[in-house]
>>> print(open('start_3.tsv').read())   # TSV, C-alpha atoms
chain	number	residue	atom	x	y	z
A	1	MET	CA	-257.43	-309.05	-18.69
A	2	PHE	CA	-256.77	-310.63	-22.08
A	3	HIS	CA	-259.10	-313.60	-22.52
A	4	THR	CA	-259.23	-316.24	-25.24
A	5	SER	CA	-262.53	-316.28	-27.11
A	6	PRO	CA	-263.86	-317.09	-30.58
A	7	ASP	CA	-263.99	-313.45	-31.71
A	8	PRO	CA	-261.50	-312.22	-34.39
A	9	ALA	CA	-259.39	-310.45	-31.79
A	10	SER	CA	-258.66	-313.67	-29.86
A	11	PRO	CA	-255.34	-315.56	-29.78
A	12	HIS	CA	-256.92	-318.06	-32.17
A	13	ALA	CA	-256.20	-315.47	-34.83
A	14	LEU	CA	-252.58	-316.64	-34.36
A	15	THR	CA	-253.33	-320.18	-35.51
A	16	ALA	CA	-251.74	-319.38	-38.88
A	17	TYR	CA	-248.51	-318.60	-37.00
A	18	GLY	CA	-248.48	-321.91	-35.09
A	19	TRP	CA	-250.60	-321.11	-32.03
A	20	ASP	CA	-251.91	-324.30	-30.40
A	21	ASP	CA	-253.25	-325.61	-27.09
A	22	GLY	CA	-249.74	-326.01	-25.73
A	23	TRP	CA	-248.84	-322.38	-26.33
A	24	GLU	CA	-252.19	-321.28	-24.90
A	25	ALA	CA	-251.50	-323.23	-21.70
A	26	ALA	CA	-247.98	-321.76	-21.45
A	27	PHE	CA	-249.37	-318.26	-21.93
A	28	ALA	CA	-252.23	-318.56	-19.40
A	29	PRO	CA	-250.34	-316.93	-16.45
A	30	TYR	CA	-249.57	-313.88	-18.60
A	31	ALA	CA	-253.15	-313.61	-19.83
A	32	ASP	CA	-254.11	-313.17	-16.18
A	33	GLN	CA	-251.73	-310.19	-16.09
A	34	GLY	CA	-253.50	-308.51	-19.00
A	35	LEU	CA	-250.71	-309.22	-21.48
A	36	MET	CA	-251.21	-310.26	-25.11
A	37	PRO	CA	-249.65	-313.27	-26.89
A	38	GLY	CA	-247.66	-312.82	-30.05
A	39	ARG	CA	-245.05	-314.42	-32.25
A	40	VAL	CA	-241.85	-312.60	-33.16
A	41	ILE	CA	-241.65	-312.37	-36.94
A	42	ARG	CA	-238.62	-310.08	-37.21
A	43	VAL	CA	-235.97	-308.57	-34.91
A	44	ASP	CA	-234.12	-305.38	-35.74
A	45	ARG	CA	-231.81	-303.40	-33.41
A	46	GLY	CA	-233.61	-303.85	-30.12
A	47	LEU	CA	-237.06	-303.72	-31.67
A	48	CYS	CA	-239.18	-306.49	-33.12
A	49	ASP	CA	-242.30	-307.02	-35.18
A	50	VAL	CA	-244.78	-309.26	-33.38
A	51	ALA	CA	-247.83	-310.93	-34.89
A	52	THR	CA	-250.66	-310.61	-32.34
A	53	PRO	CA	-254.42	-311.17	-32.32
A	54	LEU	CA	-254.75	-307.44	-33.03
A	55	GLY	CA	-252.36	-307.52	-35.98
A	56	THR	CA	-248.62	-306.93	-36.30
A	57	VAL	CA	-247.23	-304.53	-33.69
A	58	ARG	CA	-243.81	-303.01	-33.14
A	59	ALA	CA	-242.38	-303.79	-29.70
A	60	ASP	CA	-239.29	-302.91	-27.70
A	61	THR	CA	-237.17	-305.82	-26.41
A	62	GLU	CA	-235.27	-303.80	-23.80
A	63	LEU	CA	-237.10	-305.29	-20.81
A	64	VAL	CA	-236.11	-308.85	-21.73
A	65	THR	CA	-232.56	-308.25	-22.96
A	66	PRO	CA	-230.40	-310.60	-20.81
A	67	ARG	CA	-226.66	-311.01	-20.40
A	68	ASP	CA	-226.99	-314.52	-21.79
A	69	PRO	CA	-227.05	-314.26	-25.63
A	70	MET	CA	-228.96	-317.55	-25.73
A	71	ARG	CA	-232.00	-315.79	-24.26
A	72	ILE	CA	-232.10	-312.79	-26.59
A	73	VAL	CA	-235.41	-312.32	-28.44
A	74	CYS	CA	-235.25	-314.24	-31.72
A	75	THR	CA	-237.45	-314.74	-34.76
A	76	GLY	CA	-239.88	-317.56	-34.01
A	77	ASP	CA	-240.14	-316.81	-30.29
A	78	TRP	CA	-243.56	-316.69	-28.65
A	79	ALA	CA	-243.85	-313.69	-26.35
A	80	ALA	CA	-246.11	-311.87	-23.92
A	81	VAL	CA	-246.41	-308.21	-24.96
A	82	ASP	CA	-248.29	-305.15	-23.78
A	83	ALA	CA	-251.92	-305.23	-24.93
A	84	GLU	CA	-251.83	-301.47	-25.39
A	85	GLY	CA	-249.58	-298.46	-25.04
A	86	ASP	CA	-246.93	-296.68	-27.07
A	87	PRO	CA	-244.36	-298.02	-27.19
A	88	ARG	CA	-245.37	-301.61	-26.50
A	89	HIS	CA	-242.84	-303.87	-24.82
A	90	VAL	CA	-242.05	-307.56	-24.88
A	91	ARG	CA	-242.49	-308.53	-21.23
A	92	THR	CA	-241.31	-312.13	-21.36
A	93	LEU	CA	-240.68	-315.06	-23.70
A	94	LEU	CA	-242.46	-318.40	-23.48
A	95	PRO	CA	-240.14	-321.40	-23.05
A	96	ARG	CA	-238.77	-322.52	-26.42
A	97	ARG	CA	-239.62	-325.95	-27.75
A	98	THR	CA	-236.63	-325.98	-30.09
A	99	ALA	CA	-233.74	-323.64	-30.82
A	100	LEU	CA	-231.34	-323.65	-33.74
A	101	VAL	CA	-227.97	-322.60	-32.28
A	102	ARG	CA	-224.53	-322.10	-33.77
A	103	SER	CA	-221.33	-320.94	-32.13
A	104	THR	CA	-220.32	-317.34	-32.60
A	105	SER	CA	-216.94	-316.26	-33.93
A	106	SER	CA	-216.20	-314.42	-30.69
A	107	LYS	CA	-213.59	-315.65	-28.25
A	108	ARG	CA	-216.31	-315.90	-25.60
A	109	SER	CA	-217.58	-319.15	-27.12
A	110	ASP	CA	-221.17	-318.00	-26.89
A	111	GLY	CA	-224.02	-319.59	-28.79
A	112	GLN	CA	-226.16	-317.65	-31.24
A	113	VAL	CA	-229.81	-318.60	-31.66
A	114	LEU	CA	-230.69	-318.46	-35.36
A	115	ALA	CA	-234.37	-319.36	-34.99
A	116	ALA	CA	-236.73	-320.56	-32.27
A	117	ASN	CA	-239.57	-323.06	-32.16
A	118	ALA	CA	-238.98	-324.63	-35.57
A	119	ASP	CA	-240.42	-328.04	-36.39
A	120	HIS	CA	-238.50	-328.51	-39.66
A	121	ALA	CA	-234.97	-327.42	-40.56
A	122	VAL	CA	-234.81	-327.06	-44.35
A	123	ILE	CA	-231.17	-327.17	-45.49
A	124	ALA	CA	-230.73	-325.65	-48.96
A	125	VAL	CA	-227.78	-327.03	-50.93
A	126	SER	CA	-227.11	-325.57	-54.37
A	127	LEU	CA	-226.42	-327.86	-57.31
A	128	ALA	CA	-224.81	-324.92	-59.12
A	129	ALA	CA	-221.58	-325.77	-57.29
A	130	GLU	CA	-219.76	-328.99	-56.45
A	131	LEU	CA	-221.57	-330.95	-53.76
A	132	ASP	CA	-219.81	-330.52	-50.40
A	133	LEU	CA	-220.81	-333.52	-48.30
A	134	GLY	CA	-218.85	-332.29	-45.29
A	135	ARG	CA	-220.97	-329.14	-45.20
A	136	VAL	CA	-224.11	-331.25	-45.59
A	137	GLU	CA	-223.08	-333.26	-42.52
A	138	ARG	CA	-222.33	-330.11	-40.54
A	139	PHE	CA	-225.71	-328.53	-41.29
A	140	THR	CA	-227.46	-331.82	-40.57
A	141	ALA	CA	-225.79	-332.10	-37.13
A	142	LEU	CA	-226.81	-328.50	-36.40
A	143	ALA	CA	-230.41	-329.29	-37.36
A	144	TRP	CA	-230.64	-332.52	-35.35
A	145	GLU	CA	-229.24	-330.77	-32.26
A	146	SER	CA	-231.96	-328.09	-32.47
A	147	GLY	CA	-234.75	-330.60	-31.98
A	148	ALA	CA	-236.20	-329.90	-35.44
A	149	GLN	CA	-236.55	-332.50	-38.19
A	150	PRO	CA	-233.92	-331.91	-40.92
A	151	LEU	CA	-234.89	-331.84	-44.59
A	152	LEU	CA	-232.26	-331.49	-47.34
A	153	VAL	CA	-233.32	-329.57	-50.43
A	154	LEU	CA	-231.04	-329.69	-53.47
A	155	THR	CA	-231.82	-326.37	-55.15
A	156	LYS	CA	-231.31	-325.40	-58.82
A	157	ALA	CA	-231.97	-328.96	-59.94
A	158	ASP	CA	-232.64	-327.61	-63.46
A	159	LEU	CA	-228.87	-327.11	-63.79
A	160	VAL	CA	-228.45	-330.92	-63.72
A	161	PRO	CA	-230.53	-332.01	-66.73
A	162	ASP	CA	-229.23	-335.60	-66.81
A	163	PRO	CA	-231.57	-337.75	-64.63
A	164	ALA	CA	-228.84	-340.28	-63.83
A	165	THR	CA	-226.45	-337.58	-62.64
A	166	LEU	CA	-229.17	-335.97	-60.52
A	167	ALA	CA	-230.08	-339.36	-59.02
A	168	GLY	CA	-226.42	-339.90	-58.13
A	169	LEU	CA	-226.23	-336.55	-56.34
A	170	VAL	CA	-229.38	-337.37	-54.40
A	171	SER	CA	-227.94	-340.76	-53.45
A	172	ASP	CA	-224.63	-339.25	-52.28
A	173	THR	CA	-226.51	-336.71	-50.17
A	174	GLU	CA	-228.71	-339.39	-48.62
A	175	ALA	CA	-225.60	-341.37	-47.68
A	176	ALA	CA	-224.19	-338.29	-45.92
A	177	ALA	CA	-227.43	-337.72	-44.01
A	178	PRO	CA	-228.95	-341.02	-42.84
A	179	GLY	CA	-232.63	-340.72	-41.91
A	180	VAL	CA	-233.04	-337.36	-43.67
A	181	ARG	CA	-235.24	-336.89	-46.71
A	182	VAL	CA	-233.48	-335.39	-49.73
A	183	LEU	CA	-235.59	-333.52	-52.27
A	184	PRO	CA	-234.29	-331.96	-55.52
A	185	VAL	CA	-236.17	-328.77	-56.41
A	186	SER	CA	-236.04	-326.01	-59.01
A	187	ALA	CA	-237.68	-322.64	-58.49
A	188	ALA	CA	-237.13	-321.99	-62.20
A	189	THR	CA	-239.11	-325.01	-63.45
A	190	GLY	CA	-241.24	-325.74	-60.38
A	191	GLU	CA	-239.76	-329.22	-59.95
A	192	GLY	CA	-240.27	-330.50	-56.41
A	193	LEU	CA	-242.01	-327.34	-55.14
A	194	GLU	CA	-245.41	-328.96	-54.71
A	195	ALA	CA	-243.92	-331.83	-52.70
A	196	LEU	CA	-241.87	-329.41	-50.60
A	197	GLY	CA	-244.90	-327.21	-49.92
A	198	ALA	CA	-246.84	-330.26	-48.74
A	199	LEU	CA	-244.04	-331.24	-46.34
A	200	LEU	CA	-243.97	-327.72	-44.86
A	201	ALA	CA	-247.77	-327.24	-44.69
A	202	THR	CA	-247.84	-327.79	-40.93
A	203	GLY	CA	-245.69	-326.28	-38.22
A	204	THR	CA	-242.75	-323.92	-38.50
A	205	SER	CA	-239.86	-324.42	-40.90
A	206	VAL	CA	-236.52	-322.62	-40.86
A	207	LEU	CA	-234.57	-322.24	-44.11
A	208	LEU	CA	-230.79	-322.65	-43.80
A	209	GLY	CA	-227.90	-322.62	-46.23
A	210	GLN	CA	-224.91	-320.79	-47.59
A	211	SER	CA	-225.14	-317.54	-49.51
A	212	GLY	CA	-225.96	-318.38	-53.09
A	213	ALA	CA	-227.86	-321.57	-52.22
A	214	GLY	CA	-231.06	-320.08	-53.61
A	215	LYS	CA	-232.84	-319.68	-50.28
A	216	SER	CA	-234.48	-316.34	-51.08
A	217	THR	CA	-235.64	-317.60	-54.49
A	218	LEU	CA	-237.01	-320.70	-52.81
A	219	ALA	CA	-238.78	-318.65	-50.14
A	220	ASN	CA	-240.42	-316.49	-52.82
A	221	ALA	CA	-241.56	-319.59	-54.69
A	222	LEU	CA	-243.07	-321.14	-51.55
A	223	VAL	CA	-244.80	-317.94	-50.44
A	224	GLY	CA	-246.03	-317.26	-53.98
A	225	GLU	CA	-244.75	-313.69	-54.22
A	226	ALA	CA	-241.50	-311.74	-54.16
A	227	VAL	CA	-241.10	-311.21	-50.42
A	228	GLN	CA	-237.30	-311.54	-50.38
A	229	ASP	CA	-234.67	-309.82	-52.55
A	230	VAL	CA	-232.76	-312.04	-54.95
A	231	ARG	CA	-229.32	-311.43	-56.47
A	232	ALA	CA	-227.35	-313.42	-58.98
A	233	ILE	CA	-224.43	-315.50	-57.73
A	234	ARG	CA	-220.88	-314.67	-58.79
A	235	ASP	CA	-219.80	-316.37	-61.99
A	236	THR	CA	-216.22	-316.75	-60.75
A	237	ASP	CA	-216.86	-319.10	-57.86
A	238	GLY	CA	-220.59	-319.71	-57.78
A	239	LYS	CA	-220.92	-318.02	-54.39
A	240	GLY	CA	-223.69	-315.62	-53.55
A	241	ARG	CA	-224.03	-312.39	-51.65
A	242	HIS	CA	-226.19	-311.86	-48.58
A	243	THR	CA	-229.61	-310.86	-49.93
A	244	THR	CA	-231.47	-311.74	-46.72
A	245	THR	CA	-230.05	-309.66	-43.85
A	246	THR	CA	-232.67	-310.41	-41.20
A	247	ARG	CA	-234.59	-313.48	-40.11
A	248	ASP	CA	-238.17	-313.16	-41.28
A	249	LEU	CA	-241.14	-315.36	-40.41
A	250	LEU	CA	-243.39	-315.77	-43.46
A	251	PRO	CA	-246.84	-317.45	-43.53
A	252	LEU	CA	-247.15	-319.99	-46.35
A	253	PRO	CA	-250.31	-320.14	-48.49
A	254	SER	CA	-250.48	-323.93	-48.15
A	255	GLY	CA	-250.23	-323.68	-44.36
A	256	GLY	CA	-247.34	-323.45	-41.92
A	257	VAL	CA	-244.82	-320.66	-41.59
A	258	LEU	CA	-241.27	-320.28	-42.90
A	259	ILE	CA	-238.33	-318.53	-41.24
A	260	ASP	CA	-235.86	-317.35	-43.87
A	261	THR	CA	-232.35	-316.74	-42.53
A	262	PRO	CA	-229.32	-314.90	-43.92
A	263	GLY	CA	-226.76	-317.02	-45.77
A	264	LEU	CA	-224.26	-318.67	-43.44
A	265	ARG	CA	-220.64	-318.58	-44.62
A	266	GLY	CA	-219.51	-320.47	-41.55
A	267	VAL	CA	-221.44	-322.86	-39.34
A	268	GLY	CA	-219.79	-323.59	-36.02
A	269	LEU	CA	-221.34	-326.26	-33.82
A	270	TRP	CA	-222.34	-325.27	-30.29
A	271	ASP	CA	-222.87	-328.00	-27.68
A	272	ALA	CA	-223.93	-330.32	-30.49
A	273	GLY	CA	-222.77	-333.70	-29.22
A	274	ASP	CA	-226.21	-335.25	-29.61
A	275	GLY	CA	-226.63	-333.69	-33.06
A	276	VAL	CA	-223.31	-335.13	-34.25
A	277	ALA	CA	-224.26	-338.55	-32.89
A	278	GLN	CA	-227.58	-338.45	-34.76
A	279	ALA	CA	-225.99	-337.16	-37.97
A	280	PHE	CA	-223.57	-340.11	-37.87
A	281	ALA	CA	-226.01	-342.64	-36.47
A	282	GLU	CA	-224.52	-345.56	-38.39
A	283	ILE	CA	-221.07	-344.93	-36.87
A	284	GLU	CA	-222.56	-344.67	-33.39
A	285	GLU	CA	-224.35	-347.97	-33.97
A	286	LEU	CA	-221.18	-349.64	-35.20
A	287	ALA	CA	-219.24	-348.31	-32.21
A	288	GLU	CA	-221.53	-350.23	-29.86
A	289	ARG	CA	-220.16	-353.45	-31.38
A	290	CYS	CA	-216.51	-352.57	-30.81
A	291	ARG	CA	-214.57	-354.82	-28.43
A	292	PHE	CA	-213.57	-351.91	-26.20
A	293	PRO	CA	-216.15	-349.36	-24.94
A	294	ASP	CA	-213.61	-346.51	-25.24
A	295	CYS	CA	-212.51	-347.50	-28.76
A	296	ALA	CA	-211.14	-344.51	-30.73
A	297	HIS	CA	-211.62	-346.35	-34.05
A	298	ARG	CA	-207.99	-345.93	-35.09
A	299	SER	CA	-206.06	-349.18	-34.68
A	300	GLU	CA	-207.75	-351.03	-31.82
A	301	PRO	CA	-208.38	-354.76	-32.29
A	302	GLY	CA	-212.03	-355.71	-32.64
A	303	CYS	CA	-213.08	-352.27	-33.92
A	304	ALA	CA	-216.40	-352.64	-35.76
A	305	VAL	CA	-216.05	-349.17	-37.34
A	306	LEU	CA	-212.69	-349.98	-38.97
A	307	ALA	CA	-214.06	-353.36	-40.04
A	308	ALA	CA	-216.92	-351.60	-41.83
A	309	ILE	CA	-214.42	-349.37	-43.63
A	310	ASP	CA	-212.34	-352.40	-44.67
A	311	GLU	CA	-215.36	-354.17	-46.11
A	312	GLY	CA	-216.53	-351.00	-47.90
A	313	SER	CA	-219.85	-350.49	-46.11
A	314	LEU	CA	-218.63	-347.28	-44.43
A	315	PRO	CA	-216.77	-344.60	-46.43
A	316	GLU	CA	-213.50	-343.51	-44.84
A	317	ARG	CA	-214.46	-339.92	-45.63
A	318	ARG	CA	-217.48	-340.32	-43.38
A	319	LEU	CA	-215.39	-341.38	-40.38
A	320	ALA	CA	-212.97	-338.48	-40.95
A	321	SER	CA	-215.87	-336.02	-40.98
A	322	TYR	CA	-217.29	-337.57	-37.81
A	323	ARG	CA	-213.96	-337.17	-36.01
A	324	LYS	CA	-213.61	-333.59	-37.20
A	325	LEU	CA	-217.01	-332.50	-35.87
A	326	LEU	CA	-216.46	-334.32	-32.57
A	327	ARG	CA	-213.10	-332.57	-32.08
A	328	GLU	CA	-214.63	-329.19	-32.89
A	329	ASN	CA	-217.45	-329.74	-30.43
A	330	GLU	CA	-215.04	-330.90	-27.71
A	331	ARG	CA	-212.78	-327.85	-28.21
A	332	LEU	CA	-215.77	-325.54	-27.89
A	333	ALA	CA	-216.90	-327.32	-24.72
A	334	ALA	CA	-213.42	-326.88	-23.25
A	335	ARG	CA	-213.38	-323.17	-24.11
A	336	THR	CA	-216.85	-322.74	-22.66
A	337	ASP	CA	-215.82	-324.46	-19.42
A	338	ALA	CA	-212.73	-322.25	-19.24
A	339	ARG	CA	-214.91	-319.16	-19.76
A	340	LEU	CA	-217.28	-320.22	-17.00
A	341	ARG	CA	-214.37	-320.83	-14.64
A	342	SER	CA	-212.96	-317.40	-15.51
A	343	GLU	CA	-216.30	-315.70	-14.87
A	344	MET	CA	-216.69	-317.50	-11.53
A	345	ARG	CA	-213.15	-316.48	-10.54
A	346	ARG	CA	-213.85	-312.86	-11.52
A	347	ASP	CA	-217.11	-312.80	-9.56
A	348	TRP	CA	-215.35	-314.29	-6.54
A	349	LYS	CA	-212.63	-311.61	-6.68
A	350	GLN	CA	-215.27	-308.88	-6.93
A	351	ARG	CA	-217.09	-310.24	-3.88
A	352	GLN	CA	-213.78	-310.52	-2.04
A	353	ALA	CA	-212.92	-306.89	-2.85
A	354	LEU	CA	-216.37	-305.76	-1.77
A	355	GLY	CA	-215.98	-307.69	1.50
A	356	ARG	CA	-212.66	-305.96	2.23
A	357	HIS	CA	-214.20	-302.58	1.44
A	358	MET	CA	-217.15	-303.15	3.77
A	359	MET	CA	-214.82	-304.37	6.55
A	360	GLU	CA	-212.67	-301.23	6.21
A	361	ARG	CA	-215.76	-299.02	6.39
A	362	LYS	CA	-216.89	-300.88	9.52
A	363	ARG	CA	-213.51	-300.43	11.21
A	364	GLY	CA	-213.38	-296.77	10.34
A	365	PRO	CA	-210.26	-294.71	9.49
A	366	MET	CA	-206.95	-295.86	10.94
A	367	ARG	CA	-205.72	-293.66	13.80
A	368	LYS	CA	-202.13	-292.47	13.74
A	369	PRO	CA	-200.10	-293.32	16.86
>>> encode(input="start_3.tsv", output="structure tokens")
Amino acid sequence: MFHTSPDPASPHALTAYGWDDGWEAAFAPYADQGLMPGRVIRVDRGLCDVATPLGTVRADTELVTPRDPMRIVCTGDWAAVDAEGDPRHVRTLLPRRTALVRSTSSKRSDGQVLAANADHAVIAVSLAAELDLGRVERFTALAWESGAQPLLVLTKADLVPDPATLAGLVSDTEAAAPGVRVLPVSAATGEGLEALGALLATGTSVLLGQSGAGKSTLANALVGEAVQDVRAIRDTDGKGRHTTTTRDLLPLPSGGVLIDTPGLRGVGLWDAGDGVAQAFAEIEELAERCRFPDCAHRSEPGCAVLAAIDEGSLPERRLASYRKLLRENERLAARTDARLRSEMRRDWKQRQALGRHMMERKRGPMRKP
């Protein structure tokens, strides 16, 4: 049986990876089975690297590969693995506290878990290109929905030498993400890195952003060594290439761990109604003052949202973005419901066919007159 104890080979050796009393309590039933706790630090083609009290081990995920893509082993998961043997296997996953999920591009409308059990969602936005507030809002909704605390990092701040211009960009970003801290940083000059490291010194942080946002450079700066490959962005459009191809969990020298993710060219929301509401909290608050509870904020009398736009306290662009993300989320929900109905109908037909087959076997072959 695998017991917890103060020796070096105890689960407390996982404290640097986020192990706490809550995880120990969740793992207790599996300790009684002789299994070992570990945190998934990388997943690659059905195998994963797991940090355990005995060091990093390679484990097979075959035994916990479900039909539901939302339950596939993901970087950041806490798992129960074989304490010995070759090969080792992941036997089960502990319930996730948070999960960062986006919709896939497939027609099945499945969700894809980008990272599990993150406390902070660090959204990297490059100042080497024009600031896209719509993308900021999309990433922020994704982060809020996950259960993690969003943090917006404006990377490559050294490319904006004028303090007034930089302050304006920070202000615009703050307006597009109410309640989210915005921090300009530069891996080249070190600006903002100390403050960012302090914010990430506890818990697990996941690093998100488009290709070319400087995520890998930022990860290297936070870790203090070149752990991720870095490539220059294209001069023609300022876009980058995928330098990070897997999701890696990296311990930080100041404390905490960081999950670096591949650049995301597209970010589709998946069941993110609450995240959208939180990302546009001021619109939701205004909507509660509308005369009609089902106000669509278009031309209805007594609409507090339209009144705020008329008086200039709410940008019209912000309402348009809110509507766009709501429509996208509603379309996905409709497709998901249709998929579930289709799967239920298919399962019912299969059971019906099986029932007919068993009835025919019971009756036996038909006799000719």
>>> residues_near_point(input="start_3.tsv", point="(-234.5, -310.7, -29.4)", cutoff="10 Å", atoms="all atoms listed in the file", output="list of chain:residue names")
A:Val40, A:Arg42, A:Val43, A:Asp44, A:Arg45, A:Gly46, A:Leu47, A:Cys48, A:Asp60, A:Thr61, A:Glu62, A:Val64, A:Thr65, A:Pro66, A:Pro69, A:Met70, A:Arg71, A:Ile72, A:Val73, A:Cys74, A:Thr75, A:Gly76, A:Asp77, A:Val90, A:Leu93, A:Val113
>>> closest_residue(input="start_3.tsv", among="A:Thr52, A:Pro150, A:Gly34, A:Ile283", to="Ser313 (chain A)", atoms="all atoms listed in the file")
A:Ile283
>>> residues_around(input="start_3.tsv", residues="region 248-259 of chain A", least_positions_apart="4", cutoff="7 Å", atoms="all atoms listed in the file", output="list in words")
Ala16, Tyr17, Ile41, Arg42, Thr75, Gly76, Gly197, Leu200, Ala201, Thr202, Gly203, Thr204, Ser205, Val206, Leu207, Leu222 and Val223 of chain A
>>> write_last_selection(input="start_3.tsv", atoms="C-alpha atoms", output="PDB file, in the coordinates of the input")
ATOM      1  CA  ALA A  16    -251.740-319.380 -38.880  1.00  0.00           C
ATOM      2  CA  TYR A  17    -248.510-318.600 -37.000  1.00  0.00           C
ATOM      3  CA  ILE A  41    -241.650-312.370 -36.940  1.00  0.00           C
ATOM      4  CA  ARG A  42    -238.620-310.080 -37.210  1.00  0.00           C
ATOM      5  CA  THR A  75    -237.450-314.740 -34.760  1.00  0.00           C
ATOM      6  CA  GLY A  76    -239.880-317.560 -34.010  1.00  0.00           C
ATOM      7  CA  GLY A 197    -244.900-327.210 -49.920  1.00  0.00           C
ATOM      8  CA  LEU A 200    -243.970-327.720 -44.860  1.00  0.00           C
ATOM      9  CA  ALA A 201    -247.770-327.240 -44.690  1.00  0.00           C
ATOM     10  CA  THR A 202    -247.840-327.790 -40.930  1.00  0.00           C
ATOM     11  CA  GLY A 203    -245.690-326.280 -38.220  1.00  0.00           C
ATOM     12  CA  THR A 204    -242.750-323.920 -38.500  1.00  0.00           C
ATOM     13  CA  SER A 205    -239.860-324.420 -40.900  1.00  0.00           C
ATOM     14  CA  VAL A 206    -236.520-322.620 -40.860  1.00  0.00           C
ATOM     15  CA  LEU A 207    -234.570-322.240 -44.110  1.00  0.00           C
ATOM     16  CA  LEU A 222    -243.070-321.140 -51.550  1.00  0.00           C
ATOM     17  CA  VAL A 223    -244.800-317.940 -50.440  1.00  0.00           C
TER      18      VAL A 223
END
>>> closest_residue(input="start_3.tsv", among="A:Pro301, A:Pro87, A:Gly134, A:Pro95", to="Asn117 (chain A)", atoms="only C-alpha atoms")
A:Pro95
>>> atom_distance(input="start_3.tsv", atom1="CA of Glu284 (chain A)", atom2="CA of Pro184 (chain A)")
28.1 Å
>>> closest_residue(input="start_3.tsv", among="A:Leu218, A:Leu100, A:Met36, A:Ala121", to="Ala80 (chain A)", atoms="only C-alpha atoms")
A:Met36
>>> residues_near_point(input="start_3.tsv", point="(-234.3, -325.3, -59.7)", cutoff="6 Å", atoms="all atoms listed in the file", output="VMD selection string")
chain A and resid 155 to 158 185 to 188
>>> closest_residue(input="start_3.tsv", among="A:Ala124, A:Leu193, A:Leu142, A:Ala13", to="Ala277 (chain A)", atoms="only C-alpha atoms")
A:Leu142
